[in-house]
Amino acid sequence: MLYIRAAKTISLLLNLQSPNMNLLVLFALVVVAAAAPQQPPVAILLDERVPPENGAYSFQFQAENGIVQSETGAPGSQGQSNVQGVFSFPLEDGSVAEVRYQADENGFQAQSPLLPVAPEFPHPIPQFVLDQIAFAEEQDRLEAQLQFQ
């Protein structure tokens, strides 16, 4: 929202056709751009790629900041791509997070201790839910009786 307001304000100022105003706006834009936080570029330590051949491919990537990824892919039995891979990156505490993944005819599946885990089943089903299920089954039974009369 702020960006849109700033763009509209700059547009209005530029329409004033004042050379001094245009210079002021240009100077303000240069100051804002220069004040933006600058981060040094990250060196790429490894970038190996095997071009796709008959649907199969692979790549490995490693950056100076600790980001690592590797992936292989092959054609699947149902026309999809079967992919297996792993990526890792450093966490703020100095440890390394790792995510392993697989995608095939069964969908995408990721594994990592960082991913949330659903509670184990079977968990206790509350009584009000059991009562509602019993009520619905009774309604279905009565409705079936009415259809046969």
# chains A, B, ... in the order shown; residues from 1 in each chain; ligands from 1

$ residues_around --residues "region 59-65 of chain A" --least-positions-apart "3" --cutoff "8 Å" --atoms "only C-alpha atoms" --output "number ranges by chain"
A: 42-50, 68-72, 90

$ write_last_selection --atoms "all heavy atoms" --output "CSV table (one decimal), in the first residue's frame"
chain,number,residue,atom,x,y,z
A,42,VAL,N,26.8,-14.5,-2.8
A,42,VAL,CA,27.2,-15.8,-2.3
A,42,VAL,C,27.9,-16.6,-3.4
A,42,VAL,O,27.4,-16.8,-4.5
A,42,VAL,CB,26.0,-16.6,-1.8
A,42,VAL,CG1,26.3,-18.0,-1.3
A,42,VAL,CG2,25.3,-15.8,-0.7
A,43,ALA,N,29.1,-17.1,-3.1
A,43,ALA,CA,29.8,-17.9,-4.1
A,43,ALA,C,29.2,-19.3,-4.3
A,43,ALA,O,28.8,-19.9,-3.3
A,43,ALA,CB,31.3,-18.1,-3.7
A,44,ILE,N,29.1,-19.7,-5.5
A,44,ILE,CA,28.7,-21.1,-5.9
A,44,ILE,C,29.9,-22.0,-5.9
A,44,ILE,O,30.8,-21.8,-6.7
A,44,ILE,CB,28.0,-21.1,-7.2
A,44,ILE,CG1,26.8,-20.1,-7.3
A,44,ILE,CG2,27.5,-22.5,-7.5
A,44,ILE,CD1,25.8,-20.3,-6.2
A,45,LEU,N,29.9,-23.0,-5.0
A,45,LEU,CA,31.1,-23.9,-4.9
A,45,LEU,C,30.9,-25.1,-5.8
A,45,LEU,O,32.0,-25.6,-6.3
A,45,LEU,CB,31.2,-24.4,-3.4
A,45,LEU,CG,31.3,-23.3,-2.4
A,45,LEU,CD1,31.4,-23.9,-1.0
A,45,LEU,CD2,32.6,-22.4,-2.6
A,46,LEU,N,29.7,-25.5,-6.1
A,46,LEU,CA,29.5,-26.7,-6.9
A,46,LEU,C,28.2,-26.5,-7.7
A,46,LEU,O,27.2,-26.2,-7.1
A,46,LEU,CB,29.5,-28.0,-6.1
A,46,LEU,CG,29.1,-29.3,-6.8
A,46,LEU,CD1,30.2,-29.7,-7.7
A,46,LEU,CD2,28.8,-30.4,-5.8
A,47,ASP,N,28.2,-26.8,-9.0
A,47,ASP,CA,27.0,-26.7,-9.8
A,47,ASP,C,27.2,-27.7,-10.9
A,47,ASP,O,27.7,-27.4,-12.0
A,47,ASP,CB,26.7,-25.3,-10.3
A,47,ASP,CG,25.4,-25.2,-11.0
A,47,ASP,OD1,24.6,-26.2,-11.0
A,47,ASP,OD2,25.0,-24.1,-11.5
A,48,GLU,N,26.8,-29.0,-10.7
A,48,GLU,CA,26.9,-30.0,-11.7
A,48,GLU,C,25.5,-30.4,-12.1
A,48,GLU,O,24.7,-30.7,-11.3
A,48,GLU,CB,27.6,-31.2,-11.1
A,48,GLU,CG,29.1,-31.0,-10.7
A,48,GLU,CD,29.7,-32.2,-10.1
A,48,GLU,OE1,29.1,-33.2,-9.9
A,48,GLU,OE2,30.9,-32.1,-9.9
A,49,ARG,N,25.3,-30.5,-13.4
A,49,ARG,CA,24.0,-30.8,-14.0
A,49,ARG,C,24.2,-31.8,-15.1
A,49,ARG,O,25.1,-31.7,-15.9
A,49,ARG,CB,23.4,-29.6,-14.6
A,49,ARG,CG,23.1,-28.5,-13.5
A,49,ARG,CD,22.6,-27.2,-14.1
A,49,ARG,NE,22.5,-26.2,-13.1
A,49,ARG,CZ,21.5,-26.0,-12.3
A,49,ARG,NH1,20.4,-26.7,-12.5
A,49,ARG,NH2,21.5,-25.1,-11.4
A,50,VAL,N,23.4,-32.8,-15.1
A,50,VAL,CA,23.3,-33.8,-16.2
A,50,VAL,C,22.1,-33.5,-17.0
A,50,VAL,O,21.0,-33.5,-16.5
A,50,VAL,CB,23.2,-35.2,-15.6
A,50,VAL,CG1,23.1,-36.2,-16.8
A,50,VAL,CG2,24.5,-35.6,-14.8
A,68,VAL,N,22.9,-26.7,0.3
A,68,VAL,CA,23.3,-27.8,-0.5
A,68,VAL,C,22.0,-28.5,-1.0
A,68,VAL,O,21.0,-28.6,-0.3
A,68,VAL,CB,24.1,-28.8,0.3
A,68,VAL,CG1,24.4,-30.1,-0.6
A,68,VAL,CG2,25.4,-28.2,0.8
A,69,GLN,N,22.0,-28.8,-2.3
A,69,GLN,CA,20.8,-29.6,-2.9
A,69,GLN,C,21.3,-30.5,-3.9
A,69,GLN,O,22.2,-30.2,-4.7
A,69,GLN,CB,19.8,-28.6,-3.5
A,69,GLN,CG,18.6,-29.4,-4.0
A,69,GLN,CD,17.5,-28.5,-4.6
A,69,GLN,OE1,17.7,-27.3,-4.7
A,69,GLN,NE2,16.4,-29.1,-4.9
A,70,SER,N,20.7,-31.7,-3.9
A,70,SER,CA,21.0,-32.7,-5.0
A,70,SER,C,19.6,-33.3,-5.4
A,70,SER,O,18.8,-33.5,-4.5
A,70,SER,CB,22.0,-33.7,-4.6
A,70,SER,OG,21.5,-34.5,-3.6
A,71,GLU,N,19.5,-33.7,-6.6
A,71,GLU,CA,18.2,-34.2,-7.1
A,71,GLU,C,18.4,-35.1,-8.3
A,71,GLU,O,19.3,-34.8,-9.1
A,71,GLU,CB,17.2,-33.1,-7.4
A,71,GLU,CG,15.9,-33.5,-7.8
A,71,GLU,CD,14.9,-32.4,-8.1
A,71,GLU,OE1,14.6,-31.7,-7.1
A,71,GLU,OE2,14.5,-32.1,-9.2
A,72,THR,N,17.7,-36.2,-8.4
A,72,THR,CA,17.7,-37.0,-9.6
A,72,THR,C,16.2,-37.2,-10.0
A,72,THR,O,15.3,-37.3,-9.1
A,72,THR,CB,18.3,-38.4,-9.3
A,72,THR,OG1,17.6,-39.1,-8.3
A,72,THR,CG2,19.8,-38.3,-8.9
A,90,PRO,N,22.0,-24.2,6.7
A,90,PRO,CA,22.4,-24.0,8.1
A,90,PRO,C,21.3,-23.2,8.8
A,90,PRO,O,20.7,-22.3,8.3
A,90,PRO,CB,23.7,-23.1,8.0
A,90,PRO,CG,23.6,-22.5,6.6
A,90,PRO,CD,22.8,-23.4,5.8

$ select_by_dssp --residues "region 17-89 of chain A" --states "strand (DSSP E or B)" --output "PyMOL selection string"
chain A and resi 44-53+56-63+68-75+81-89

$ residues_around --residues "region 95-101 of chain A" --least-positions-apart "6" --cutoff "8 Å" --atoms "only C-alpha atoms" --output "list in words"
Val83, Gln84, Gly85, Val86, Phe87, Ser88, Phe89, Phe108, Gln109, Ala110, Gln111, Ser112 and Leu114 of chain A

$ select_by_dssp --residues "region 1-140 of chain A" --states "helix (DSSP H, G or I)" --output "MDAnalysis selection string"
chainID A and resid 2:14 19:35 127:140

$ residues_around --residues "Asn106 (chain A)" --least-positions-apart "3" --cutoff "12 Å" --atoms "only C-alpha atoms" --output "PyMOL selection string"
chain A and resi 76-78+80-83+102-103+109

$ write_last_selection --atoms "all heavy atoms" --output "tab-separated table (two decimals), in the first residue's frame"
chain	number	residue	atom	x	y	z
A	76	GLY	N	8.26	-41.62	-14.90
A	76	GLY	CA	7.47	-42.53	-14.10
A	76	GLY	C	6.58	-43.43	-14.94
A	76	GLY	O	6.42	-43.22	-16.15
A	77	SER	N	5.97	-44.39	-14.31
A	77	SER	CA	5.15	-45.38	-15.02
A	77	SER	C	3.84	-44.80	-15.53
A	77	SER	O	3.24	-45.36	-16.44
A	77	SER	CB	4.87	-46.56	-14.08
A	77	SER	OG	4.14	-46.11	-12.95
A	78	GLN	N	3.38	-43.68	-14.96
A	78	GLN	CA	2.11	-43.11	-15.36
A	78	GLN	C	2.29	-41.76	-16.06
A	78	GLN	O	1.41	-40.91	-16.05
A	78	GLN	CB	1.20	-42.96	-14.13
A	78	GLN	CG	0.89	-44.28	-13.49
A	78	GLN	CD	0.07	-44.13	-12.21
A	78	GLN	OE1	-0.35	-43.04	-11.85
A	78	GLN	NE2	-0.17	-45.23	-11.54
A	80	GLN	N	4.37	-39.36	-15.24
A	80	GLN	CA	4.90	-38.33	-14.35
A	80	GLN	C	6.41	-38.45	-14.26
A	80	GLN	O	7.00	-39.40	-14.77
A	80	GLN	CB	4.27	-38.44	-12.96
A	80	GLN	CG	4.89	-39.48	-12.04
A	80	GLN	CD	4.54	-40.92	-12.38
A	80	GLN	OE1	3.73	-41.20	-13.24
A	80	GLN	NE2	5.19	-41.84	-11.70
A	81	SER	N	7.03	-37.49	-13.60
A	81	SER	CA	8.46	-37.58	-13.29
A	81	SER	C	8.60	-38.12	-11.88
A	81	SER	O	7.94	-37.65	-10.96
A	81	SER	CB	9.12	-36.21	-13.37
A	81	SER	OG	9.15	-35.76	-14.70
A	82	ASN	N	9.46	-39.11	-11.70
A	82	ASN	CA	9.80	-39.59	-10.37
A	82	ASN	C	11.06	-38.86	-9.94
A	82	ASN	O	12.07	-38.89	-10.64
A	82	ASN	CB	10.04	-41.10	-10.38
A	82	ASN	CG	8.75	-41.87	-10.55
A	82	ASN	OD1	7.66	-41.34	-10.37
A	82	ASN	ND2	8.86	-43.13	-10.91
A	83	VAL	N	10.99	-38.21	-8.79
A	83	VAL	CA	12.09	-37.36	-8.33
A	83	VAL	C	12.47	-37.78	-6.92
A	83	VAL	O	11.61	-38.05	-6.09
A	83	VAL	CB	11.65	-35.88	-8.33
A	83	VAL	CG1	12.74	-34.99	-7.77
A	83	VAL	CG2	11.27	-35.44	-9.73
A	102	GLN	N	10.72	-37.10	-2.02
A	102	GLN	CA	10.48	-38.03	-3.11
A	102	GLN	C	9.14	-37.65	-3.71
A	102	GLN	O	8.19	-37.33	-3.00
A	102	GLN	CB	10.42	-39.45	-2.54
A	102	GLN	CG	10.02	-40.50	-3.53
A	102	GLN	CD	10.03	-41.87	-2.86
A	102	GLN	OE1	10.89	-42.16	-2.04
A	102	GLN	NE2	9.08	-42.71	-3.22
A	103	ALA	N	9.06	-37.67	-5.02
A	103	ALA	CA	7.79	-37.42	-5.71
A	103	ALA	C	7.64	-38.48	-6.79
A	103	ALA	O	8.54	-38.69	-7.60
A	103	ALA	CB	7.79	-36.03	-6.33
A	109	GLN	N	6.39	-36.54	-1.01
A	109	GLN	CA	6.60	-36.93	0.38
A	109	GLN	C	7.93	-36.37	0.84
A	109	GLN	O	8.95	-36.64	0.22
A	109	GLN	CB	6.60	-38.45	0.51
A	109	GLN	CG	5.32	-39.10	0.05
A	109	GLN	CD	5.53	-40.51	-0.47
A	109	GLN	OE1	6.59	-41.09	-0.31
A	109	GLN	NE2	4.51	-41.05	-1.11

$ atom_distance --atom1 "CA of Leu146 (chain A)" --atom2 "CA of Ala134 (chain A)"
18.6 Å

$ closest_residue --among "A:Glu138, A:Pro40, A:Glu143, A:Gly66" --to "Gly94 (chain A)" --atoms "only C-alpha atoms"
A:Gly66

$ closest_residue --among "A:Val117, A:Asp131, A:Gly79, A:Glu53" --to "Asp104 (chain A)" --atoms "only C-alpha atoms"
A:Gly79
